[in-house]
Amino acid sequence: AAIDNAMKYVNSSNEVKNRVSLAERPNSHENPELCAVDPHGNNDFSCKLCRKELSNVYYHCDGCEKLLNKDFNLCVSCHTNQYYARFVQVHPHNTYRHATINHVGDMKYDRKSRCPCKRGPCCQECSFCLGCSCRCHTQFTLNFR
């Protein structure tokens, strides 16, 4: 039922539909020897923003996975309220606003090439500037245990 409700939300809004994909299979079907996530444990199964334990349905930031090689999981409530659209320090020591260092879901510019910010090249995933315009941290995968 929780997956059906989340899918209704994903399918009801064109804006969200462009940013959310559905995981092919539950985490519990993954090989525990190869998968970094333990769906039966509570290690890293809490929302990165509100710190609540994740239910069977949660969102996983594709930008953090691809660019940072980190897990950034959100509960349905935080994703629905678009709380991901902000800066969240993921690197333990560096507070720099850059898509390859921290979760930056609030980049407002639409700059692709020859960006005046001079803070990085274009992202290979979304082709926007990594320093001020990258859209990867607004793309999520709907996962379920």
# chains A, B, ... in the order shown; residues from 1 in each chain; ligands from 1

$ residues_around --residues "region 125-131 of chain A" --least-positions-apart "2" --cutoff "10 Å" --atoms "only C-alpha atoms" --output "count of residues only"
30

$ residues_around --residues "Tyr84 (chain A)" --least-positions-apart "2" --cutoff "9 Å" --atoms "only C-alpha atoms" --output "PyMOL selection string"
chain A and resi 49+61+74+78-79+81-82+86-88+103-106+137-138

$ atom_distance --atom1 "CA of Val90 (chain A)" --atom2 "CA of Cys132 (chain A)"
17.1 Å

$ residues_around --residues "Leu142 (chain A)" --least-positions-apart "6" --cutoff "7 Å" --atoms "only C-alpha atoms" --output "ChimeraX atom specification"
/A:20-23,58-60

$ atom_distance --atom1 "CA of Asn102 (chain A)" --atom2 "CA of Asn56 (chain A)"
26.0 Å

$ select_by_dssp --residues "region 69-138 of chain A" --states "alpha helix (DSSP H)" --output "list of chain:residue names"
A:Val76, A:Ser77, A:Cys78, A:His79, A:Thr80

$ residues_around --residues "Lys52 (chain A)" --least-positions-apart "6" --cutoff "9 Å" --atoms "only C-alpha atoms" --output "ChimeraX atom specification"
/A:45-46,75

$ write_last_selection --atoms "N, CA and C atoms" --output "CSV table (one decimal), in the first residue's frame"
chain,number,residue,atom,x,y,z
A,45,PHE,N,19.6,3.4,7.5
A,45,PHE,CA,18.2,3.4,7.1
A,45,PHE,C,17.4,4.5,7.9
A,46,SER,N,18.0,5.7,7.9
A,46,SER,CA,17.3,6.8,8.5
A,46,SER,C,17.4,8.0,7.6
A,75,CYS,N,13.1,10.2,3.7
A,75,CYS,CA,11.7,9.6,3.9
A,75,CYS,C,10.8,10.2,2.9

$ atom_distance --atom1 "CA of Lys108 (chain A)" --atom2 "CA of Thr80 (chain A)"
19.3 Å
